[in-house]
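Visitor: Right, I'll just put the structure down here and ask away after.
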Amino acid sequence: MTNNNLLLQIQDLDIRFTIDRREAPFQAVKGVTFDIPTNTTVALVGESGSGKTVSAMAILGLLPENSIVAASSRILYGGRDLLKATLGQMQAIRGKDISVIFQEPMTSLNPVFPVGEQIGEVLRLHMGMGLRQAHERAKELLAEVGIPDPQLRINSYPHEMSGGQQQRVMIAMAIACEPKLLIADEPTTALDVTIQKQILDLIAKLQDRHQMSVLFITHDLGVVGEIADHVVVMQEGLIQEQGPVRAIFEAPQHPYTKALLACRPRLDRRPRRLPVIDDFLKGDGRPHLEERQRGTDPGDQIILEAKALTKTFFLKEGLFGKRAVPAVKDVSFRLPKGKTLGLVGESGSGKTTVGLTLMRLHDATSGEVLFEGRDLLRLTEKEMMAYRRRIQIIFQNPYASLNPRFTVGQILLEPMRIHAIGKDERERVDLAFQLLSRVGLAPQSFYKYPHEFSGGQRQRIAIARCLTMKPDVLICDESVSALDVSVQAQVLNLLQELQDEFGLSYIFISHDLAVVKYISDRVMVMNDGAIVEIADSDEIYLNPKQEYTRKLLASIPKGWQHAVDLT
Amino acid sequence: MTASKELRDPVPAVIPARAGIPLPPPPRQESPGLWTLAWRRLRRDAVGMVSLVVVVFFLLMMAASYLGLIAGDWNKERGVSYANPAFLAGAENLEARALQGREASKTPPVDLSDIDPLAPRYKEWEERAAKIAVTEVKRSDTLPLGGDKWGRDVLKKVVKGSEVSIFVGLTAAILATIIGTVLGAMAGYWGRWVNDFLEWFYNIFTSIPYILLILAFAAVASASGKFGKGILPIILILSLTGWTGIYRLMRAEYIKHGNREYVKAAQAIGASNRSRMFVHILPNVSHVALVQLSQHAVGFIKAEVILSFLGFGVPVDMVSWGTMLAEAQNELVIGKWWQLFAAGASMAVLVTAFSLLTDSLRDALDPKIK
C-alpha cells in the first residue's frame, strides 16, 4: 500500500491524563499506531477503558484539558500533523473533512431546534450555503439516510423522532459536507437489534456511495464482521492485534481477540458456561464444551403465574382530557420453579412494564399475578412486605440503580435490616462479606462507594443486594445490556451459577436474542404490549411461528459468515 | 472519559469464588460513615477549613456575647460623640467640639439673685448637692473602631449586633430550609393531590407582594403578642415567608430523583416511603438545600435591616448589624464611615465564609469528588 492510499496515519500515539497532581499521569493510550486507508472501513474494537474513544477523539483534537499527548505522537492527515494544528485549522477540518457520530443520539441533538435547521447549520458553516439552499440540501440528506417523508420531518424536533431516526439525523449531519473520514463512536450500542441492523446497513451503504473512510468504534466484535475491512483490537491502551477482517475472524492470533470472538453467546450452541477473557489469557481457551439442556416440562412446579395482566398509562391531553396508552395488553404466562423465562422485544414493547408490574413497582390496571397461589396485586402494602423479599429485580443501568451516597456495605445491609434477616448486625455484616465474595468482589469493596466500580462490578453489587434477601424469583431487566460483551459473559455465568446453586427462577428481560437464547428455558416474544409468541427456547429459534419473531432473529449480527470454530 | 474514570481508583481484581472453596476470613475495619468521610475530605480542603474557622469564630463570638462574657457594656457612652477610631487619632472631630462648646456655654450669663425669691436657699442646696458624689467620666477622644453619635464603642456594638443578626439570619434560614425541603419533598415525591394542594398553596403565597406579606405576618405576630417582643417574631416572619423558593427547587429535585432507578431499587427491597424520601433521596439532593441555606442566611440578615427600618425589627434597646447600617446612612454624609465599615465588613466576612463553607460541605458530602 503506498502512502497515497492512506487517508490518515496514527503514529505512536501516547496519551496520558493528569487525574491527581500528586500522582503520575495515567497512561490511557500506549503507543498506538495504525492507518486508515481511503475508501475503507476500519473497526476499532475493545472493552470500556481500552483507550479506543480517546484515540479517536485525539484525531479531532477533542481531548479534555487534563490530557497530555507525548511529543513523539503524530496524526498525519493530508501531509499535516493534526496534533500540531492550530484551533482555527482544526475547526475547518472538524465537520467538513472529518465528522463524527456519537453513541447517544438523544443527547447529541439540540432539543430546541428542528432537525432540518441543525443539519442546515453545518451546511451554512462549512459549505457557505444560503438558508434556502441549505434547507433543500438538508431535505435531500434526510431522504438519503432513509427518513420517510423528509418534506414533513425536516421540521420535526428531535423528541418527535425515535432513537433510530435520531441516529439517522446524526448521520445525515455527519455526511452533510461529504467528509473524507467518518468517525462512528458506538453508534448502535444504545439502539435495538432491528434498528442496529438498519443503521449498520446505512453506514455501509453511505461509505460505498460517498467513497469515504469510516472509523467504527465498538466493544462488540460481532457487529463489525459485516461492515469492516480492517480491524484493530485494543486492550488497556495497547493494540493487541490488527489485520484484515478475514484474518481477524478466521485466524485470530492474539488470545484476547479469540476471547472477544468467543464470549458473545451464539445461537447455534449453548455451553454450560460462557467463555470469558480470562479463560483465553490464562487458560488454554477451550474448556467449555459441554452443552446445557434447556426447556420446560409440563410437570414443572409453577412458582409465578400472570393471568391477563394489563397496564394502561394515561397521558394528559388538553385541559381535562386523558388519553389511554396501553403498555401491556392481556399478558399471561407461567414461570416454572428453577427455570428461566426470557422476555424479548424492542423498546416500547412493554417488557419492562411487565417486570415492574409483577413487583408492584407499577400498579396493574387489571389481571392477576399468582405467587404460590396468592394474588400479589390484591395484597395490602403490609401483606406485600413478606413477598417483596421473595421477588427481586436487577435493573438495566448499573450506574443508576445504586444509591451513589451509600457505601456497598450500607447497600447490602439495608435490605437485611428492613426484613430482619440475621440475628444481629454482626451476622448481617458476615453475610454481606460472604455474598461479596460469592459474586466475585474483594472484601474491601464493602467500604467503597458505587462510583469506584466498573459497570460489571456494579451489576455484581446489585446481584449481591438481591441475594441478601434470599429471593425465589429474580427479574433481570436488561441487566446485561449496558455491559461490554466480555463483561456480559461474566455476569451471565454468575447468574447461571446462582441459579444452579440456589434454585432461583429468573424472568430475563432483554432485547438481545442471542443472550435470551443462551440463558432461557422458555422465551416470550412481545410487541406493542402483547405476546407475539411463547415457546421453549430451542423451539422458538429453530421454528419461529410468527413473522415478527423471524424478523427479530434475522437482525442479529452474524459476525463473520465463516466465524472460526473454536472447538 | 470512561477510561480515566475507571482506572482512577484501582479496583481490586475479581476473585473467582466457587462454591466449596473455603473463604479467607474477611479483613475487618471500621466502616467510615458519610459524615466521617465528609469531615476527612473537608479537612483536606484549605478554603473550606478557613471558612469553617471564620464561621466558628463568629458563632463563638455570638455565644459569648449572649452569655454576657463580652460586650455586655456596649450601651455605655465611653467616648466623645463620633469618637475617632484609634488608627485615626489625630483627625479633627467637629461634632464633638461643637457639642463641647454648647456645654461650656451653659452658665447663666446674667446674675438674677436680686429679684430671685429662691436666692437665699441656693447656698444650702449647693452644699447639699456637693455631698452627692458625682464623678464626671472623662470621655475619651478615640475608641478602637471609633464611636457612634452617643459615643458608644462601635467595636462592642458590632459584637453585640452579631448576636441578633447571626441568630436571626441563621435560624430563620435553617427553619425556612426545613419547611421548604419537607414541603418540596412531599409535593415532588407523592405527586397527585398532595402536589396539587401544595402547588396551589405556593401559588397563593407567591402571588402576594413580599413586603406586604411580611407586614401582614408582622402585624399578626405583634398584635397577638403570642410570640412576645424581640427577635422571635422576626425569625418566624422571615422563615414563614422565605421558604417558597426552596420549596420550588426541592420539589423539582424530588420529581427528578423519584423516578431514578436507585429509588425504584429501594422500593423493590421494601424500603418505606419515609426512608426513600429522606434516607435515599435527601443525601442526593442535599447540595441544593445547602446552597439555598447559605443564600437565604445572607438574605435574611439583610431582611432584618428592612424589618428594623419598618419598625417590626429589633426593639430600640437592642442593636443589630441592621440597625447599625440604618444609622450609618446619616453618618456617612458627615464623613463618619466607621460604623458602616464595621457592620458591613463583619457581614461580608461572615457571609463569604458561610457561602464558601456550604460549597465545601457540598463537595465533601459528594463521595464522587475526591
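Within each chain, counting starts at residue 1; across the C-alpha cells, chains are named A, B, ... in the order shown, with ligands numbered 1 upward in that order.
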Select from segment 158-378 of chain A everything DSSP, run on the backbone, classes as strand (DSSP E), then give the selection as a PDB file with N, CA and C atoms, in the first residue's frame.
Guide:
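See selection_17.pdb below for the written result:
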ATOM      1  N   LEU A 181     -13.523  11.340   6.158  1.00  0.00           N
ATOM      2  CA  LEU A 181     -13.465  10.329   7.221  1.00  0.00           C
ATOM      3  C   LEU A 181     -14.660  10.523   8.155  1.00  0.00           C
ATOM      4  N   LEU A 182     -15.368   9.434   8.418  1.00  0.00           N
ATOM      5  CA  LEU A 182     -16.490   9.466   9.355  1.00  0.00           C
ATOM      6  C   LEU A 182     -16.100   8.629  10.569  1.00  0.00           C
ATOM      7  N   ILE A 183     -16.117   9.258  11.741  1.00  0.00           N
ATOM      8  CA  ILE A 183     -15.819   8.511  12.959  1.00  0.00           C
ATOM      9  C   ILE A 183     -17.142   8.149  13.613  1.00  0.00           C
ATOM     10  N   ALA A 184     -17.421   6.867  13.776  1.00  0.00           N
ATOM     11  CA  ALA A 184     -18.666   6.428  14.391  1.00  0.00           C
ATOM     12  C   ALA A 184     -18.340   5.796  15.737  1.00  0.00           C
ATOM     13  N   ASP A 185     -18.662   6.513  16.817  1.00  0.00           N
ATOM     14  CA  ASP A 185     -18.306   6.049  18.164  1.00  0.00           C
ATOM     15  C   ASP A 185     -19.482   5.287  18.760  1.00  0.00           C
ATOM     16  N   SER A 213     -13.947   7.093   4.132  1.00  0.00           N
ATOM     17  CA  SER A 213     -13.447   6.100   5.074  1.00  0.00           C
ATOM     18  C   SER A 213     -14.261   6.210   6.353  1.00  0.00           C
ATOM     19  N   VAL A 214     -14.398   5.086   7.042  1.00  0.00           N
ATOM     20  CA  VAL A 214     -15.144   5.080   8.294  1.00  0.00           C
ATOM     21  C   VAL A 214     -14.257   4.481   9.379  1.00  0.00           C
ATOM     22  N   LEU A 215     -14.185   5.174  10.519  1.00  0.00           N
ATOM     23  CA  LEU A 215     -13.534   4.589  11.690  1.00  0.00           C
ATOM     24  C   LEU A 215     -14.660   4.196  12.638  1.00  0.00           C
ATOM     25  N   PHE A 216     -14.886   2.891  12.759  1.00  0.00           N
ATOM     26  CA  PHE A 216     -16.039   2.393  13.504  1.00  0.00           C
ATOM     27  C   PHE A 216     -15.557   1.875  14.852  1.00  0.00           C
ATOM     28  N   ILE A 217     -16.032   2.523  15.926  1.00  0.00           N
ATOM     29  CA  ILE A 217     -15.573   2.152  17.268  1.00  0.00           C
ATOM     30  C   ILE A 217     -16.649   1.326  17.945  1.00  0.00           C
ATOM     31  N   THR A 218     -16.302   0.176  18.480  1.00  0.00           N
ATOM     32  CA  THR A 218     -17.305  -0.644  19.149  1.00  0.00           C
ATOM     33  C   THR A 218     -16.662  -1.578  20.159  1.00  0.00           C
ATOM     34  N   HIS A 230     -10.993  -3.669   7.852  1.00  0.00           N
ATOM     35  CA  HIS A 230      -9.768  -3.794   8.611  1.00  0.00           C
ATOM     36  C   HIS A 230     -10.161  -3.692  10.083  1.00  0.00           C
ATOM     37  N   VAL A 231      -9.575  -4.514  10.943  1.00  0.00           N
ATOM     38  CA  VAL A 231      -9.955  -4.494  12.358  1.00  0.00           C
ATOM     39  C   VAL A 231      -8.722  -4.232  13.219  1.00  0.00           C
ATOM     40  N   VAL A 232      -8.886  -3.313  14.183  1.00  0.00           N
ATOM     41  CA  VAL A 232      -7.825  -3.040  15.155  1.00  0.00           C
ATOM     42  C   VAL A 232      -8.381  -3.405  16.524  1.00  0.00           C
ATOM     43  N   VAL A 233      -7.728  -4.321  17.221  1.00  0.00           N
ATOM     44  CA  VAL A 233      -8.214  -4.737  18.543  1.00  0.00           C
ATOM     45  C   VAL A 233      -7.351  -4.092  19.611  1.00  0.00           C
ATOM     46  N   MET A 234      -8.003  -3.330  20.499  1.00  0.00           N
ATOM     47  CA  MET A 234      -7.259  -2.643  21.560  1.00  0.00           C
ATOM     48  C   MET A 234      -7.610  -3.206  22.919  1.00  0.00           C
ATOM     49  N   GLN A 235      -6.612  -3.235  23.806  1.00  0.00           N
ATOM     50  CA  GLN A 235      -6.853  -3.625  25.187  1.00  0.00           C
ATOM     51  C   GLN A 235      -5.928  -2.808  26.076  1.00  0.00           C
ATOM     52  N   LEU A 238      -3.282  -0.583  24.482  1.00  0.00           N
ATOM     53  CA  LEU A 238      -2.343  -1.180  23.536  1.00  0.00           C
ATOM     54  C   LEU A 238      -3.103  -1.833  22.395  1.00  0.00           C
ATOM     55  N   ILE A 239      -2.504  -1.835  21.217  1.00  0.00           N
ATOM     56  CA  ILE A 239      -3.098  -2.616  20.131  1.00  0.00           C
ATOM     57  C   ILE A 239      -2.624  -4.053  20.282  1.00  0.00           C
ATOM     58  N   GLN A 240      -3.563  -4.965  20.440  1.00  0.00           N
ATOM     59  CA  GLN A 240      -3.182  -6.361  20.609  1.00  0.00           C
ATOM     60  C   GLN A 240      -3.056  -7.058  19.264  1.00  0.00           C
ATOM     61  N   GLU A 241      -3.892  -6.652  18.337  1.00  0.00           N
ATOM     62  CA  GLU A 241      -3.840  -7.314  17.048  1.00  0.00           C
ATOM     63  C   GLU A 241      -4.509  -6.399  16.033  1.00  0.00           C
ATOM     64  N   GLN A 242      -3.975  -6.361  14.806  1.00  0.00           N
ATOM     65  CA  GLN A 242      -4.719  -5.691  13.757  1.00  0.00           C
ATOM     66  C   GLN A 242      -4.498  -6.410  12.439  1.00  0.00           C
ATOM     67  N   GLY A 243      -5.492  -6.336  11.586  1.00  0.00           N
ATOM     68  CA  GLY A 243      -5.381  -7.036  10.320  1.00  0.00           C
ATOM     69  C   GLY A 243      -6.661  -6.949   9.538  1.00  0.00           C
ATOM     70  N   PRO A 244      -6.693  -7.523   8.347  1.00  0.00           N
ATOM     71  CA  PRO A 244      -7.909  -7.548   7.556  1.00  0.00           C
ATOM     72  C   PRO A 244      -8.987  -8.324   8.303  1.00  0.00           C
ATOM     73  N   ILE A 302     -45.053 -24.629  39.211  1.00  0.00           N
ATOM     74  CA  ILE A 302     -45.153 -23.228  38.798  1.00  0.00           C
ATOM     75  C   ILE A 302     -44.999 -22.333  40.025  1.00  0.00           C
ATOM     76  N   ILE A 303     -44.058 -21.386  39.983  1.00  0.00           N
ATOM     77  CA  ILE A 303     -43.881 -20.508  41.143  1.00  0.00           C
ATOM     78  C   ILE A 303     -44.611 -19.185  40.953  1.00  0.00           C
ATOM     79  N   LEU A 304     -44.663 -18.713  39.704  1.00  0.00           N
ATOM     80  CA  LEU A 304     -45.281 -17.418  39.456  1.00  0.00           C
ATOM     81  C   LEU A 304     -46.115 -17.518  38.194  1.00  0.00           C
ATOM     82  N   GLU A 305     -47.311 -16.977  38.283  1.00  0.00           N
ATOM     83  CA  GLU A 305     -48.169 -17.043  37.104  1.00  0.00           C
ATOM     84  C   GLU A 305     -48.863 -15.699  36.925  1.00  0.00           C
ATOM     85  N   ALA A 306     -48.813 -15.186  35.695  1.00  0.00           N
ATOM     86  CA  ALA A 306     -49.534 -13.950  35.393  1.00  0.00           C
ATOM     87  C   ALA A 306     -50.752 -14.303  34.563  1.00  0.00           C
ATOM     88  N   LYS A 307     -51.897 -13.732  34.925  1.00  0.00           N
ATOM     89  CA  LYS A 307     -53.120 -14.003  34.175  1.00  0.00           C
ATOM     90  C   LYS A 307     -53.710 -12.699  33.666  1.00  0.00           C
ATOM     91  N   ALA A 308     -53.794 -12.573  32.362  1.00  0.00           N
ATOM     92  CA  ALA A 308     -54.440 -11.423  31.715  1.00  0.00           C
ATOM     93  C   ALA A 308     -53.971 -10.098  32.303  1.00  0.00           C
ATOM     94  N   LEU A 309     -52.652  -9.986  32.477  1.00  0.00           N
ATOM     95  CA  LEU A 309     -52.084  -8.772  33.058  1.00  0.00           C
ATOM     96  C   LEU A 309     -52.212  -7.608  32.067  1.00  0.00           C
ATOM     97  N   THR A 310     -52.763  -6.488  32.532  1.00  0.00           N
ATOM     98  CA  THR A 310     -52.953  -5.329  31.671  1.00  0.00           C
ATOM     99  C   THR A 310     -52.511  -4.079  32.415  1.00  0.00           C
ATOM    100  N   LYS A 311     -51.792  -3.231  31.704  1.00  0.00           N
ATOM    101  CA  LYS A 311     -51.392  -1.958  32.312  1.00  0.00           C
ATOM    102  C   LYS A 311     -51.596  -0.854  31.287  1.00  0.00           C
ATOM    103  N   THR A 312     -52.362   0.145  31.671  1.00  0.00           N
ATOM    104  CA  THR A 312     -52.622   1.274  30.780  1.00  0.00           C
ATOM    105  C   THR A 312     -52.134   2.541  31.443  1.00  0.00           C
ATOM    106  N   PHE A 313     -51.360   3.330  30.710  1.00  0.00           N
ATOM    107  CA  PHE A 313     -50.947   4.635  31.213  1.00  0.00           C
ATOM    108  C   PHE A 313     -51.905   5.689  30.677  1.00  0.00           C
ATOM    109  N   PHE A 314     -52.108   6.729  31.437  1.00  0.00           N
ATOM    110  CA  PHE A 314     -52.967   7.820  30.965  1.00  0.00           C
ATOM    111  C   PHE A 314     -52.129   9.074  30.789  1.00  0.00           C
ATOM    112  N   LEU A 315     -52.177   9.593  29.583  1.00  0.00           N
ATOM    113  CA  LEU A 315     -51.457  10.837  29.319  1.00  0.00           C
ATOM    114  C   LEU A 315     -52.443  11.977  29.347  1.00  0.00           C
ATOM    115  N   LYS A 316     -52.036  13.096  29.918  1.00  0.00           N
ATOM    116  CA  LYS A 316     -52.916  14.260  29.925  1.00  0.00           C
ATOM    117  C   LYS A 316     -52.985  14.829  28.516  1.00  0.00           C
ATOM    118  N   GLU A 317     -54.185  15.203  28.125  1.00  0.00           N
ATOM    119  CA  GLU A 317     -54.330  15.797  26.805  1.00  0.00           C
ATOM    120  C   GLU A 317     -55.267  16.985  26.942  1.00  0.00           C
ATOM    121  N   GLY A 321     -58.688  16.478  29.268  1.00  0.00           N
ATOM    122  CA  GLY A 321     -58.715  15.202  28.561  1.00  0.00           C
ATOM    123  C   GLY A 321     -57.627  14.256  29.023  1.00  0.00           C
ATOM    124  N   LYS A 322     -57.863  12.975  28.818  1.00  0.00           N
ATOM    125  CA  LYS A 322     -56.870  11.961  29.111  1.00  0.00           C
ATOM    126  C   LYS A 322     -56.837  11.024  27.925  1.00  0.00           C
ATOM    127  N   ARG A 323     -55.636  10.556  27.613  1.00  0.00           N
ATOM    128  CA  ARG A 323     -55.549   9.600  26.531  1.00  0.00           C
ATOM    129  C   ARG A 323     -54.974   8.309  27.112  1.00  0.00           C
ATOM    130  N   ALA A 324     -55.623   7.207  26.824  1.00  0.00           N
ATOM    131  CA  ALA A 324     -55.164   5.922  27.340  1.00  0.00           C
ATOM    132  C   ALA A 324     -54.071   5.381  26.432  1.00  0.00           C
ATOM    133  N   VAL A 325     -52.932   5.032  27.018  1.00  0.00           N
ATOM    134  CA  VAL A 325     -51.862   4.401  26.256  1.00  0.00           C
ATOM    135  C   VAL A 325     -51.646   3.011  26.831  1.00  0.00           C
ATOM    136  N   PRO A 326     -52.115   1.993  26.138  1.00  0.00           N
ATOM    137  CA  PRO A 326     -51.924   0.653  26.685  1.00  0.00           C
ATOM    138  C   PRO A 326     -50.460   0.239  26.564  1.00  0.00           C
ATOM    139  N   ALA A 327     -49.844  -0.136  27.681  1.00  0.00           N
ATOM    140  CA  ALA A 327     -48.442  -0.541  27.653  1.00  0.00           C
ATOM    141  C   ALA A 327     -48.328  -2.063  27.658  1.00  0.00           C
ATOM    142  N   VAL A 328     -49.226  -2.701  28.385  1.00  0.00           N
ATOM    143  CA  VAL A 328     -49.249  -4.165  28.446  1.00  0.00           C
ATOM    144  C   VAL A 328     -50.687  -4.607  28.223  1.00  0.00           C
ATOM    145  N   LYS A 329     -50.876  -5.505  27.256  1.00  0.00           N
ATOM    146  CA  LYS A 329     -52.231  -5.909  26.922  1.00  0.00           C
ATOM    147  C   LYS A 329     -52.400  -7.404  27.148  1.00  0.00           C
ATOM    148  N   ASP A 330     -53.168  -7.758  28.154  1.00  0.00           N
ATOM    149  CA  ASP A 330     -53.628  -9.126  28.318  1.00  0.00           C
ATOM    150  C   ASP A 330     -52.483 -10.146  28.245  1.00  0.00           C
ATOM    151  N   VAL A 331     -51.501  -9.989  29.111  1.00  0.00           N
ATOM    152  CA  VAL A 331     -50.339 -10.874  29.071  1.00  0.00           C
ATOM    153  C   VAL A 331     -50.485 -11.978  30.113  1.00  0.00           C
ATOM    154  N   SER A 332     -50.376 -13.222  29.691  1.00  0.00           N
ATOM    155  CA  SER A 332     -50.447 -14.361  30.615  1.00  0.00           C
ATOM    156  C   SER A 332     -49.252 -15.268  30.373  1.00  0.00           C
ATOM    157  N   PHE A 333     -48.638 -15.722  31.464  1.00  0.00           N
ATOM    158  CA  PHE A 333     -47.533 -16.688  31.317  1.00  0.00           C
ATOM    159  C   PHE A 333     -47.315 -17.381  32.647  1.00  0.00           C
ATOM    160  N   ARG A 334     -46.537 -18.451  32.606  1.00  0.00           N
ATOM    161  CA  ARG A 334     -46.188 -19.169  33.826  1.00  0.00           C
ATOM    162  C   ARG A 334     -44.686 -19.289  33.939  1.00  0.00           C
ATOM    163  N   LEU A 335     -44.195 -19.135  35.162  1.00  0.00           N
ATOM    164  CA  LEU A 335     -42.758 -19.292  35.400  1.00  0.00           C
ATOM    165  C   LEU A 335     -42.543 -20.532  36.239  1.00  0.00           C
ATOM    166  N   PRO A 336     -41.934 -21.582  35.654  1.00  0.00           N
ATOM    167  CA  PRO A 336     -41.675 -22.787  36.437  1.00  0.00           C
ATOM    168  C   PRO A 336     -40.543 -22.547  37.432  1.00  0.00           C
ATOM    169  N   THR A 340     -35.804 -20.398  33.721  1.00  0.00           N
ATOM    170  CA  THR A 340     -35.692 -19.012  33.277  1.00  0.00           C
ATOM    171  C   THR A 340     -36.675 -18.736  32.147  1.00  0.00           C
ATOM    172  N   LEU A 341     -37.434 -17.673  32.328  1.00  0.00           N
ATOM    173  CA  LEU A 341     -38.343 -17.237  31.266  1.00  0.00           C
ATOM    174  C   LEU A 341     -37.731 -15.991  30.625  1.00  0.00           C
ATOM    175  N   GLY A 342     -37.432 -16.084  29.344  1.00  0.00           N
ATOM    176  CA  GLY A 342     -36.864 -14.935  28.636  1.00  0.00           C
ATOM    177  C   GLY A 342     -37.975 -14.079  28.066  1.00  0.00           C
ATOM    178  N   LEU A 343     -37.780 -12.770  28.125  1.00  0.00           N
ATOM    179  CA  LEU A 343     -38.805 -11.850  27.637  1.00  0.00           C
ATOM    180  C   LEU A 343     -38.113 -10.945  26.615  1.00  0.00           C
ATOM    181  N   VAL A 344     -38.450 -11.125  25.331  1.00  0.00           N
ATOM    182  CA  VAL A 344     -37.750 -10.391  24.271  1.00  0.00           C
ATOM    183  C   VAL A 344     -38.678  -9.412  23.591  1.00  0.00           C
ATOM    184  N   SER A 366     -55.402  -4.201  35.365  1.00  0.00           N
ATOM    185  CA  SER A 366     -56.221  -5.368  35.697  1.00  0.00           C
ATOM    186  C   SER A 366     -55.374  -6.616  35.527  1.00  0.00           C
ATOM    187  N   GLY A 367     -55.931  -7.771  35.927  1.00  0.00           N
ATOM    188  CA  GLY A 367     -55.206  -9.024  35.822  1.00  0.00           C
ATOM    189  C   GLY A 367     -54.776  -9.539  37.186  1.00  0.00           C
ATOM    190  N   GLU A 368     -54.139 -10.701  37.172  1.00  0.00           N
ATOM    191  CA  GLU A 368     -53.685 -11.312  38.427  1.00  0.00           C
ATOM    192  C   GLU A 368     -52.241 -11.720  38.304  1.00  0.00           C
ATOM    193  N   VAL A 369     -51.534 -11.666  39.423  1.00  0.00           N
ATOM    194  CA  VAL A 369     -50.200 -12.241  39.479  1.00  0.00           C
ATOM    195  C   VAL A 369     -50.200 -13.222  40.639  1.00  0.00           C
ATOM    196  N   LEU A 370     -50.175 -14.507  40.320  1.00  0.00           N
ATOM    197  CA  LEU A 370     -50.260 -15.513  41.370  1.00  0.00           C
ATOM    198  C   LEU A 370     -48.862 -15.968  41.750  1.00  0.00           C
ATOM    199  N   PHE A 371     -48.531 -15.779  43.021  1.00  0.00           N
ATOM    200  CA  PHE A 371     -47.254 -16.262  43.541  1.00  0.00           C
ATOM    201  C   PHE A 371     -47.587 -17.362  44.529  1.00  0.00           C
ATOM    202  N   ARG A 374     -51.157 -17.134  45.604  1.00  0.00           N
ATOM    203  CA  ARG A 374     -51.759 -15.900  46.143  1.00  0.00           C
ATOM    204  C   ARG A 374     -51.637 -14.768  45.137  1.00  0.00           C
ATOM    205  N   ASP A 375     -52.699 -13.993  45.011  1.00  0.00           N
ATOM    206  CA  ASP A 375     -52.676 -12.899  44.043  1.00  0.00           C
ATOM    207  C   ASP A 375     -51.970 -11.684  44.652  1.00  0.00           C
TER     208      ASP A 375
END
Visitor: Hey, what's within 7 Å of segment 148-158 of chain A if we count only C-alpha atoms and toss same-chain stuff fewer than 5 positions away? As a PDB file with N, CA and C atoms, in the first residue's frame, please?
Guide:
ATOM      1  N   LEU A 109     -28.231  15.705  19.851  1.00  0.00           N
ATOM      2  CA  LEU A 109     -29.020  16.670  19.089  1.00  0.00           C
ATOM      3  C   LEU A 109     -29.552  17.730  20.042  1.00  0.00           C
ATOM      4  N   PRO A 111     -32.256  19.789  21.596  1.00  0.00           N
ATOM      5  CA  PRO A 111     -33.693  19.535  21.654  1.00  0.00           C
ATOM      6  C   PRO A 111     -34.582  20.715  21.246  1.00  0.00           C
ATOM      7  N   PHE A 113     -34.172  22.873  18.610  1.00  0.00           N
ATOM      8  CA  PHE A 113     -34.186  23.246  17.199  1.00  0.00           C
ATOM      9  C   PHE A 113     -34.706  22.091  16.351  1.00  0.00           C
ATOM     10  N   PRO A 114     -35.466  22.399  15.289  1.00  0.00           N
ATOM     11  CA  PRO A 114     -35.890  21.336  14.378  1.00  0.00           C
ATOM     12  C   PRO A 114     -34.660  20.705  13.724  1.00  0.00           C
ATOM     13  N   VAL A 115     -34.770  19.427  13.376  1.00  0.00           N
ATOM     14  CA  VAL A 115     -33.594  18.727  12.859  1.00  0.00           C
ATOM     15  C   VAL A 115     -33.091  19.355  11.563  1.00  0.00           C
ATOM     16  N   GLY A 116     -34.010  19.866  10.732  1.00  0.00           N
ATOM     17  CA  GLY A 116     -33.608  20.461   9.464  1.00  0.00           C
ATOM     18  C   GLY A 116     -32.667  21.632   9.688  1.00  0.00           C
ATOM     19  N   LYS A 139     -33.030  18.424   3.148  1.00  0.00           N
ATOM     20  CA  LYS A 139     -34.122  17.534   2.767  1.00  0.00           C
ATOM     21  C   LYS A 139     -33.580  16.317   2.008  1.00  0.00           C
ATOM     22  N   LEU A 142     -31.839  13.987   4.432  1.00  0.00           N
ATOM     23  CA  LEU A 142     -32.777  13.182   5.229  1.00  0.00           C
ATOM     24  C   LEU A 142     -33.305  12.028   4.392  1.00  0.00           C
ATOM     25  N   ALA A 143     -33.581  12.300   3.106  1.00  0.00           N
ATOM     26  CA  ALA A 143     -34.050  11.234   2.238  1.00  0.00           C
ATOM     27  C   ALA A 143     -32.964  10.177   2.074  1.00  0.00           C
ATOM     28  N   GLN A 166     -33.351   9.424  15.164  1.00  0.00           N
ATOM     29  CA  GLN A 166     -32.421  10.447  15.645  1.00  0.00           C
ATOM     30  C   GLN A 166     -30.997  10.113  15.207  1.00  0.00           C
TER      31      GLN A 166
END
Visitor: Could you list, as number ranges by chain, every residue within 10 Å of Pro544 of chain A, counting only C-alpha atoms and ignoring same-chain residues fewer than 5 positions away?
Guide: A: 533-535, 538-539, 549-551, 553
Visitor: Filtering to N, CA and C atoms, could you give me those residues as a PDB file, in the first residue's frame?
Guide:
ATOM      1  N   GLU A 533     -45.441 -14.523  20.671  1.00  0.00           N
ATOM      2  CA  GLU A 533     -45.181 -15.953  20.614  1.00  0.00           C
ATOM      3  C   GLU A 533     -44.556 -16.368  21.933  1.00  0.00           C
ATOM      4  N   ILE A 534     -44.904 -17.556  22.405  1.00  0.00           N
ATOM      5  CA  ILE A 534     -44.271 -18.056  23.614  1.00  0.00           C
ATOM      6  C   ILE A 534     -44.025 -19.544  23.425  1.00  0.00           C
ATOM      7  N   ALA A 535     -42.778 -19.948  23.614  1.00  0.00           N
ATOM      8  CA  ALA A 535     -42.426 -21.351  23.383  1.00  0.00           C
ATOM      9  C   ALA A 535     -41.103 -21.650  24.061  1.00  0.00           C
ATOM     10  N   ASP A 538     -35.330 -23.474  22.435  1.00  0.00           N
ATOM     11  CA  ASP A 538     -34.813 -24.010  21.170  1.00  0.00           C
ATOM     12  C   ASP A 538     -35.880 -23.979  20.094  1.00  0.00           C
ATOM     13  N   GLU A 539     -37.086 -24.276  20.520  1.00  0.00           N
ATOM     14  CA  GLU A 539     -38.218 -24.317  19.602  1.00  0.00           C
ATOM     15  C   GLU A 539     -38.387 -22.977  18.865  1.00  0.00           C
ATOM     16  N   THR A 549     -41.230 -12.622  15.000  1.00  0.00           N
ATOM     17  CA  THR A 549     -40.122 -13.357  15.602  1.00  0.00           C
ATOM     18  C   THR A 549     -39.022 -13.589  14.573  1.00  0.00           C
ATOM     19  N   ARG A 550     -39.444 -13.928  13.353  1.00  0.00           N
ATOM     20  CA  ARG A 550     -38.458 -14.185  12.299  1.00  0.00           C
ATOM     21  C   ARG A 550     -37.651 -12.925  11.988  1.00  0.00           C
ATOM     22  N   LYS A 551     -38.367 -11.777  12.006  1.00  0.00           N
ATOM     23  CA  LYS A 551     -37.693 -10.510  11.725  1.00  0.00           C
ATOM     24  C   LYS A 551     -36.645 -10.207  12.805  1.00  0.00           C
ATOM     25  N   LEU A 553     -35.085 -12.369  14.672  1.00  0.00           N
ATOM     26  CA  LEU A 553     -33.978 -13.320  14.550  1.00  0.00           C
ATOM     27  C   LEU A 553     -33.036 -12.919  13.424  1.00  0.00           C
TER      28      LEU A 553
END
